Amino acid sequence: MSQGSSLKQYALTRLGLVVPMVFVVLTIVFLLMRVAPGNPVDAALGGHAPQAEINRITKQLGYDKPLYVQYGKYLWDVVRLHLGSTISDRRSVSNIIEVNGAATLELTFFAMLVAIVVGVSVGLISGRFRDSPVDAGGRLFGILVYATPVFFLGLLAQLVFGVWLNWLPTSDQASPITQALLQTHTNILFVDAIIDGNWSALWDVTQHLILPATTLGIVYGGVFIRLIRVNVIRTLKEDYIEAARARGIGERNVVYRHAFRNALVPVVTVIGLQLALLLGGAVLTETTFNWPGLGHYLVLYIENRDYAAVQGITVVIALVIVAVSLLIDFVNAFIDPRVRY
Amino acid sequence: MAASASVRVQRRAIGLRRALAPIAEARGFSRWMLIAGSAITLMFVILAIFAPVLSPYAFDQYQSNGHRFAQLSRPGHGHILGTTVQSTDVLARIVWGAQTELEVVGLALAFGLAIGVPLGLVSGYFGGVLDRGAVFFMDAMFAFPPLLLAIIIAFLLGSSVSSGVLVAALAITIVYVPQYFRVVRNHVISVREEQYVEAARALGAKPFTILRRYVFFNVVQNVPVIATLNAADAVLTLTALGFIGYGVQPTQGAEWGYDVSRAVTDTASGIWWTGLFPGLAIVLLVTGLTLLGEGLNETINPVLRRRAIRQVDFDAPSFDAGAEFYEA
Amino acid sequence: MSDEPVLTVRDLRLWYGTPRGSVRAVDRISLEIGAGETLGLVGESGSGKSTLGRGILGLLPEGARSDGEVLYKGRNLVGASQRELRRLRGPELGLIFQEPMTRLDPLMRIEDQFRETLQQHESKLTNADIRRRSLDTLGRMGIPPTRFRQYPHEFSGGMRQRIMIALALVLRPSLLVADEPTTALDVIVEAQILRILADLKENFGTALLLITHNLGIVAEACDHVAVMYAGQIVEEGPARDVFAEPKHPYTRELLRSTISLDTERLHSIPGAPPNLITPPTGCHFHPRCPDIMRICPVKDPIETRHDGDRRVLCWLHGPEREIPPGGSEPIEQERIAVAEEA
């Protein structure tokens, strides 16, 4: 039998598989953008720009060249991380990623935290006490929460906590004063406030985070409930659980140490899968709460028909998801020694 | 000949009864879910079909007998759930909205299944390079947030296709085909390795026959569950599209997500009825579909199934051998 | 052999509830195992022997009920609380299972599995003690200390079974139940495991209940054998005597079906094991018995004792006075066309 496992070997193999995947993803984005009817430049400039201007920009962006040439240039640009600029407001895509991407990262991170905490705990309890009223309650909660569109929950949250109770702010990442005073380090305001040691700013940022992050987190936490519950039920039927009981291991240890731990193994994978959904949900949450994130801006650029912007942002989002999946696979291999083979 | 035909019919009937038996035997939460889910879904189906009769007004009606309805009036006489800023009746838009939702989702489901299931079947069964390629492509699709993809596609199609319903349906279809494909394909692969399929192959059955007779029916069992749960998801995607402003346009029909987006500005003034009711409608429909899907899943899936157990009774009379046990 | 048996089972019934009725997996069984003795429990699949093994430790699924007595060192385990049973499982009662591949938590190192087991029952042990005892027991099973910190999936099936046995023995139970311990293993590994089990007597003085469908194993490793059919013990006695001179037709047929190098023609018992929800009337074996008599389908057979320590449940040896006139006449066995679903 082979001794030990090689995390490194596994990592290399997985990395190797990622390259063609990225390739396919980039191609899909390219085709989607080029398939659109009409002249992209004309539309992005608002439809009223003079023909000379349109021609100039078209030439500058290379849209007059044949498709395969454009494809080649596009791939080459992406590899060098030259993501270009938007047509409508002349921002570089890298800048958009830095500033607005950071805002989305902040929101998504805390939302995922909420989702995991809520989802896993309810799921574990539900599975453990299967078919009891607690389980029924947990499952119903999971279903209702999943059925609630994140924008509706956001609206309700704004109504209740913002307007009627007036406890929390309902839009933006931070108040204008905070935004003016905070030094820009990472563009993640939460982190920047900590770096600056500016506690009132931190409090302000946190207040603005609570409603959107909790809303997004609860809605996507519902998926964890279902998964963890089923897993707990399945795990409790496993042979090694019976064997542990045959050795007289106490019920608490059997459930917590053996069943729960094994049941949680796929959680990491699900976090990875959920990320794609979470980013989609972020689009809605950002729009509802006027959060200056990537999703919100993406929608605005789509409305403005700014293809260069849409392409750049979409590529980044897709690549991030692929990268995170990879990371998740590694973490999985680390947790579960069987996976490394 | 006639005899064998009737035997076949009988066998189908028994097979059907056996297939549906788990539903009748369902107990506890699963049973409750099935019943509640079916009832709620049925209610919306009725609303959708009979919208013209059940709705007090048309979906974009803002006046009656020459009098314009009050704007943003509270729930009350004449307008049970209130009116919007455009003077349309909230209840009317909910009823008509049911039609829109079910129309789009039904179309999307039909398209998705028609494309995804055969693709998954063929790809899973025959394997090879084409399968590997298909899987790769589908996996790449999973790298995109489904909503983002739907928005982009809806946006792209919006300029060339006039029917908002069709645009939304197609966008949702494209987003969900990879899911159907993956589920069907995985199931086909596991069934393919089953011994009865191997036996059929050993007997020389043609691949298409095997697919049709063994694999298809086995896989199809899972489809109702997947379809129902996907329908729930599709409604959420559709309303999200509507919220952002794509898919069904306001002039073409009522859409609940769109209504909620209009209501966001209303909440600043404390006006709650324009957003609450369409939102609740979404929650209710999706809950109904999910309960139905989960209920079906629990009853059909043998791993999760719990059948009612007859209690052990040690003192129950066992067989009694009478005195007449042999001929004298 | 000591005077008091380690395990006395009296009139035990273990029935499961199912949607279609109660499964009479164990239907009034009595047996005894003394210290250091090995009792082989033989039966086909579906005879209820695994249920009996688990039932002794109180490991029954939901919907199962028990009745009768299981006396372990004088204490009745039927009706004992789960807490009491848990305290006994491990240090007093051990159970090893059939499928070694899935019986160990895949996320725990072997070291941790031992630590957990030892700490559960002897909480005062120091880490050094735990390590020493675990390695000692593992060593006797042929597992080197260098592999102590490995994960279960790094071991082969045979080694995992040995680890399981070590886990069961590290607490020195007085009774070990082995449920088909070698069925999933190849012949060579099987021989090794059997030798370990046979040595239990010498090394630990453990009483062993060896459950199997393989007569060869029983002949090799067991002092006594009990033959089980449809939830009942149809014959029991010293292994050598029972195999040399089987009294029950089922035992006889089982022996004839065994394949050895001398086998020229395959022999099988017609029919299939019966449905335990509605077992055949009278003697459960009567539909398949070549020596069936008139009384067999009609009246439940009564257990009789022979030659000191042999028991049989069969009208062929049954108490004469219980058989009505004409009951001993043999009848034609009908061809069994369709095997009954077990």
# chains A, B, ... in the order shown; residues from 1 in each chain; ligands from 1
>>> residues_around(residues="Val220 (chain B)", least_positions_apart="4", cutoff="12 Å", atoms="only C-alpha atoms", output="PyMOL selection string")
chain B and resi 113+117-118+120-121+180+183-185+187-188+191+211-216+224-227
>>> residues_around(residues="Ala263 (chain A)", least_positions_apart="2", cutoff="7 Å", atoms="only C-alpha atoms", output="PyMOL selection string")
chain A and resi 228+231-232+235+259-261+265
>>> write_last_selection(atoms="C-alpha atoms", output="PDB file, in the first residue's frame")
ATOM      1  CA  ILE A 228     -26.252  19.070   5.768  1.00  0.00           C
ATOM      2  CA  ASN A 231     -25.847  14.164   4.927  1.00  0.00           C
ATOM      3  CA  VAL A 232     -26.340  13.766   8.632  1.00  0.00           C
ATOM      4  CA  THR A 235     -23.999   9.350   7.774  1.00  0.00           C
ATOM      5  CA  ALA A 259     -21.454  11.581  12.260  1.00  0.00           C
ATOM      6  CA  PHE A 260     -21.199  15.355  12.129  1.00  0.00           C
ATOM      7  CA  ARG A 261     -17.599  15.440  11.050  1.00  0.00           C
ATOM      8  CA  VAL A 265     -17.031  16.928   4.551  1.00  0.00           C
TER       9      VAL A 265
END
>>> closest_residue(among="B:Val105, B:Val223, B:Ala70, B:Ala154", to="chain A", atoms="only C-alpha atoms")
B:Ala154
>>> residues_around(residues="Leu182 (chain A)", least_positions_apart="3", cutoff="12 Å", atoms="only C-alpha atoms", output="count of residues only")
26
>>> atom_distance(atom1="CA of Ile40 (chain B)", atom2="CA of Leu81 (chain B)")
19.9 Å
>>> atom_distance(atom1="CA of Leu261 (chain C)", atom2="CA of Val189 (chain C)")
20.7 Å
>>> closest_atom_pairs(of="chain B", to="chain A", cutoff="8 Å", atoms="only C-alpha atoms", output="JSON lines")
{"residue": "B:Gly28", "atom": "CA", "partner": "A:Asp131", "partner_atom": "CA", "distance": 7.5}
{"residue": "B:Phe29", "atom": "CA", "partner": "A:Ala136", "partner_atom": "CA", "distance": 6.8}
{"residue": "B:Phe136", "atom": "CA", "partner": "A:Met21", "partner_atom": "CA", "distance": 7.1}
{"residue": "B:Phe137", "atom": "CA", "partner": "A:Val24", "partner_atom": "CA", "distance": 6.9}
{"residue": "B:Ala140", "atom": "CA", "partner": "A:Val25", "partner_atom": "CA", "distance": 5.5}
{"residue": "B:Met141", "atom": "CA", "partner": "A:Val25", "partner_atom": "CA", "distance": 7.3}
{"residue": "B:Phe142", "atom": "CA", "partner": "A:Ala276", "partner_atom": "CA", "distance": 7.8}
{"residue": "B:Ala143", "atom": "CA", "partner": "A:Ala318", "partner_atom": "CA", "distance": 5.5}
{"residue": "B:Phe144", "atom": "CA", "partner": "A:Ala318", "partner_atom": "CA", "distance": 5.5}
{"residue": "B:Pro145", "atom": "CA", "partner": "A:Ala276", "partner_atom": "CA", "distance": 4.5}
{"residue": "B:Pro146", "atom": "CA", "partner": "A:Gly280", "partner_atom": "CA", "distance": 6.6}
{"residue": "B:Leu147", "atom": "CA", "partner": "A:Gly280", "partner_atom": "CA", "distance": 5.1}
{"residue": "B:Leu148", "atom": "CA", "partner": "A:Gly280", "partner_atom": "CA", "distance": 5.9}
{"residue": "B:Ile152", "atom": "CA", "partner": "A:Ile302", "partner_atom": "CA", "distance": 7.7}
{"residue": "B:Ile153", "atom": "CA", "partner": "A:Leu32", "partner_atom": "CA", "distance": 7.9}
{"residue": "B:Phe155", "atom": "CA", "partner": "A:Ile302", "partner_atom": "CA", "distance": 7.7}
{"residue": "B:Leu156", "atom": "CA", "partner": "A:Ala36", "partner_atom": "CA", "distance": 5.6}
{"residue": "B:Ser159", "atom": "CA", "partner": "A:Pro37", "partner_atom": "CA", "distance": 7.6}
{"residue": "B:Ser160", "atom": "CA", "partner": "A:Pro37", "partner_atom": "CA", "distance": 7.8}
{"residue": "B:Ala232", "atom": "CA", "partner": "A:Ala147", "partner_atom": "CA", "distance": 7.8}
{"residue": "B:Leu236", "atom": "CA", "partner": "A:Pro149", "partner_atom": "CA", "distance": 6.4}
{"residue": "B:Ala240", "atom": "CA", "partner": "A:Leu284", "partner_atom": "CA", "distance": 7.3}
{"residue": "B:Ile244", "atom": "CA", "partner": "A:Leu284", "partner_atom": "CA", "distance": 7.7}
{"residue": "B:Val260", "atom": "CA", "partner": "A:Phe152", "partner_atom": "CA", "distance": 7.0}
{"residue": "B:Val264", "atom": "CA", "partner": "A:Leu155", "partner_atom": "CA", "distance": 6.4}
{"residue": "B:Thr267", "atom": "CA", "partner": "A:Leu159", "partner_atom": "CA", "distance": 5.9}
{"residue": "B:Ala268", "atom": "CA", "partner": "A:Val163", "partner_atom": "CA", "distance": 6.6}
{"residue": "B:Ser269", "atom": "CA", "partner": "A:Val163", "partner_atom": "CA", "distance": 8.0}
{"residue": "B:Gly270", "atom": "CA", "partner": "A:Val163", "partner_atom": "CA", "distance": 6.5}
{"residue": "B:Trp272", "atom": "CA", "partner": "A:Leu159", "partner_atom": "CA", "distance": 7.5}
{"residue": "B:Gly275", "atom": "CA", "partner": "A:Leu155", "partner_atom": "CA", "distance": 7.6}
{"residue": "B:Leu276", "atom": "CA", "partner": "A:Leu156", "partner_atom": "CA", "distance": 7.6}
{"residue": "B:Gly279", "atom": "CA", "partner": "A:Phe152", "partner_atom": "CA", "distance": 5.7}
{"residue": "B:Ile282", "atom": "CA", "partner": "A:Thr148", "partner_atom": "CA", "distance": 7.2}
{"residue": "B:Val283", "atom": "CA", "partner": "A:Ala147", "partner_atom": "CA", "distance": 5.0}
{"residue": "B:Leu284", "atom": "CA", "partner": "A:Ala147", "partner_atom": "CA", "distance": 7.5}
{"residue": "B:Val286", "atom": "CA", "partner": "A:Ala147", "partner_atom": "CA", "distance": 5.2}
{"residue": "B:Thr287", "atom": "CA", "partner": "A:Ala147", "partner_atom": "CA", "distance": 5.5}
{"residue": "B:Thr290", "atom": "CA", "partner": "A:Ile143", "partner_atom": "CA", "distance": 7.1}
{"residue": "B:Leu291", "atom": "CA", "partner": "A:Ile143", "partner_atom": "CA", "distance": 7.6}
{"residue": "B:Val303", "atom": "CA", "partner": "A:Arg234", "partner_atom": "CA", "distance": 7.9}
>>> write_last_selection(atoms="C-alpha atoms", output="short mmCIF file (atom, residue, chain, number, x, y, z; two decimals), in the first residue's frame")
data_model
loop_
_atom_site.label_atom_id
_atom_site.label_comp_id
_atom_site.auth_asym_id
_atom_site.auth_seq_id
_atom_site.Cartn_x
_atom_site.Cartn_y
_atom_site.Cartn_z
CA GLY B 28 -45.18 12.31 8.38
CA PHE B 29 -43.51 15.37 7.03
CA PHE B 136 -16.15 19.99 -20.23
CA PHE B 137 -18.37 22.49 -21.91
CA ALA B 140 -17.43 25.58 -17.97
CA MET B 141 -20.98 26.86 -18.02
CA PHE B 142 -21.13 26.20 -14.29
CA ALA B 143 -18.36 28.73 -13.83
CA PHE B 144 -20.86 31.49 -14.54
CA PRO B 145 -23.30 32.72 -11.96
CA PRO B 146 -26.60 31.49 -13.38
CA LEU B 147 -28.31 34.80 -12.87
CA LEU B 148 -25.56 36.70 -14.63
CA ILE B 152 -26.70 38.58 -20.40
CA ILE B 153 -28.65 36.18 -22.57
CA PHE B 155 -30.28 41.18 -22.83
CA LEU B 156 -28.79 39.76 -26.00
CA SER B 159 -33.22 43.08 -29.16
CA SER B 160 -33.99 40.36 -31.69
CA ALA B 232 -38.98 26.57 -8.32
CA LEU B 236 -36.77 32.83 -8.83
CA ALA B 240 -34.87 38.27 -10.67
CA ILE B 244 -33.47 44.00 -13.05
CA VAL B 260 -41.10 44.55 -6.46
CA VAL B 264 -38.36 49.76 -3.71
CA THR B 267 -40.72 51.85 0.83
CA ALA B 268 -38.78 55.01 1.54
CA SER B 269 -42.14 56.64 2.15
CA GLY B 270 -43.32 53.71 4.20
CA TRP B 272 -45.58 48.63 1.97
CA GLY B 275 -43.93 45.39 -2.60
CA LEU B 276 -45.18 43.03 0.07
CA GLY B 279 -43.13 39.38 -2.97
CA ILE B 282 -43.27 34.72 -5.24
CA VAL B 283 -42.50 33.15 -1.89
CA LEU B 284 -45.73 31.19 -1.93
CA VAL B 286 -41.75 28.85 -5.00
CA THR B 287 -42.54 27.28 -1.62
CA THR B 290 -40.34 23.18 -3.57
CA LEU B 291 -42.60 21.35 -1.13
CA VAL B 303 -32.53 6.25 0.84
#
>>> atom_distance(atom1="CA of Gly58 (chain C)", atom2="CA of Leu12 (chain C)")
12.2 Å
>>> closest_atom_pairs(of="chain C", to="chain A", cutoff="6 Å", atoms="only C-alpha atoms", output="CSV")
residue,atom,partner,partner_atom,distance
C:Arg86,CA,A:Gly248,CA,4.4
C:Arg89,CA,A:Gly248,CA,4.6
C:Gly90,CA,A:Arg247,CA,4.5
C:Thr102,CA,A:Asp239,CA,5.8
C:Arg103,CA,A:Tyr240,CA,4.0
C:Leu104,CA,A:Tyr240,CA,5.0
C:Asp105,CA,A:Tyr240,CA,5.6
>>> select_by_dssp(residues="region 69-274 of chain C", states="strand (DSSP E or B)", output="CSV table (one decimal) with C-alpha atoms, in the first residue's frame")
chain,number,residue,atom,x,y,z
C,69,GLU,CA,-33.7,-13.6,28.5
C,70,VAL,CA,-30.2,-12.9,27.7
C,71,LEU,CA,-28.2,-13.6,30.8
C,72,TYR,CA,-24.7,-12.2,30.8
C,75,ARG,CA,-27.5,-10.1,34.4
C,76,ASN,CA,-30.5,-10.0,32.0
C,89,ARG,CA,-20.4,-3.0,25.2
C,93,LEU,CA,-19.3,-7.7,25.2
C,94,GLY,CA,-17.5,-7.3,21.9
C,95,LEU,CA,-18.8,-7.5,18.4
C,96,ILE,CA,-16.9,-7.7,15.1
C,175,LEU,CA,-17.7,-12.5,25.3
C,176,LEU,CA,-16.9,-11.8,21.7
C,177,VAL,CA,-19.5,-12.1,19.0
C,178,ALA,CA,-18.0,-12.5,15.5
C,179,ASP,CA,-20.5,-12.0,12.7
C,207,ALA,CA,-15.9,-16.9,25.0
C,208,LEU,CA,-16.6,-16.7,21.4
C,209,LEU,CA,-19.9,-16.8,19.4
C,210,LEU,CA,-18.8,-17.3,15.8
C,211,ILE,CA,-21.6,-16.7,13.3
C,212,THR,CA,-21.0,-18.0,9.8
C,224,HIS,CA,-19.8,-26.5,19.9
C,225,VAL,CA,-22.1,-25.8,16.9
C,226,ALA,CA,-25.7,-24.6,16.8
C,227,VAL,CA,-27.5,-24.9,13.5
C,228,MET,CA,-30.0,-22.2,12.8
C,229,TYR,CA,-33.0,-22.2,10.4
C,232,GLN,CA,-34.9,-21.3,15.4
C,233,ILE,CA,-32.0,-23.5,16.5
C,234,VAL,CA,-32.7,-26.9,14.9
C,235,GLU,CA,-29.7,-28.7,16.2
C,236,GLU,CA,-27.0,-28.1,18.8
C,237,GLY,CA,-24.1,-30.0,20.3
C,238,PRO,CA,-20.3,-30.6,20.3
>>> interface_residues(of="chain C", to="chain B", cutoff="9 Å", atoms="only C-alpha atoms", output="VMD selection string")
chain C and resid 13 15 to 23 63 to 67 278 281 to 282 294 to 295 297 to 300 326 to 327
>>> residues_around(residues="region 252-260 of chain C", least_positions_apart="4", cutoff="8 Å", atoms="only C-alpha atoms", output="PyMOL selection string")
chain C and resi 215+243+246-248+266-269
>>> select_by_dssp(residues="region 42-278 of chain B", states="alpha helix (DSSP H)", output="PyMOL selection string")
chain B and resi 42-49+51-54+90-126+128-141+146-158+164-192+195-202+207-210+217-220+223-244+256-267+273-278
>>> closest_residue(among="C:Ser123, C:Ser156, C:Thr8, C:Thr117", to="Gly34 (chain C)", atoms="only C-alpha atoms")
C:Thr8
>>> residues_around(residues="region 252-255 of chain B", least_positions_apart="4", cutoff="10 Å", atoms="only C-alpha atoms", output="PDB file with C-alpha atoms, in the first residue's frame")
ATOM      1  CA  ALA B  58     -56.606  43.861 -16.475  1.00  0.00           C
ATOM      2  CA  PHE B  59     -52.939  43.852 -15.567  1.00  0.00           C
ATOM      3  CA  ASP B  60     -52.261  47.314 -16.880  1.00  0.00           C
ATOM      4  CA  ALA B  92     -54.971  42.170 -10.517  1.00  0.00           C
ATOM      5  CA  ARG B  93     -51.270  42.233 -11.196  1.00  0.00           C
ATOM      6  CA  ILE B  94     -50.725  39.312  -8.892  1.00  0.00           C
ATOM      7  CA  VAL B  95     -53.341  37.164 -10.590  1.00  0.00           C
ATOM      8  CA  TRP B  96     -52.126  38.042 -14.078  1.00  0.00           C
ATOM      9  CA  GLY B  97     -48.589  37.637 -12.862  1.00  0.00           C
ATOM     10  CA  ALA B  98     -49.333  34.014 -12.036  1.00  0.00           C
ATOM     11  CA  GLN B  99     -50.075  33.465 -15.684  1.00  0.00           C
ATOM     12  CA  THR B 100     -46.816  35.060 -16.742  1.00  0.00           C
ATOM     13  CA  GLU B 101     -44.760  33.065 -14.261  1.00  0.00           C
ATOM     14  CA  SER B 162     -40.013  40.465 -29.452  1.00  0.00           C
ATOM     15  CA  SER B 163     -41.888  38.202 -27.069  1.00  0.00           C
ATOM     16  CA  GLY B 164     -40.602  38.880 -23.572  1.00  0.00           C
ATOM     17  CA  VAL B 165     -42.021  35.566 -22.457  1.00  0.00           C
ATOM     18  CA  LEU B 238     -37.516  34.873 -13.811  1.00  0.00           C
ATOM     19  CA  THR B 239     -38.494  37.247 -11.049  1.00  0.00           C
ATOM     20  CA  LEU B 241     -34.743  39.071 -14.368  1.00  0.00           C
ATOM     21  CA  GLY B 242     -37.904  41.075 -13.962  1.00  0.00           C
ATOM     22  CA  PHE B 243     -36.435  42.883 -11.000  1.00  0.00           C
ATOM     23  CA  GLY B 247     -37.362  39.352 -19.742  1.00  0.00           C
ATOM     24  CA  VAL B 248     -41.046  40.113 -19.754  1.00  0.00           C
ATOM     25  CA  ASP B 259     -43.453  44.974  -9.387  1.00  0.00           C
ATOM     26  CA  VAL B 260     -41.100  44.550  -6.460  1.00  0.00           C
ATOM     27  CA  PRO B 278     -46.045  40.531  -5.129  1.00  0.00           C
TER      28      PRO B 278
END
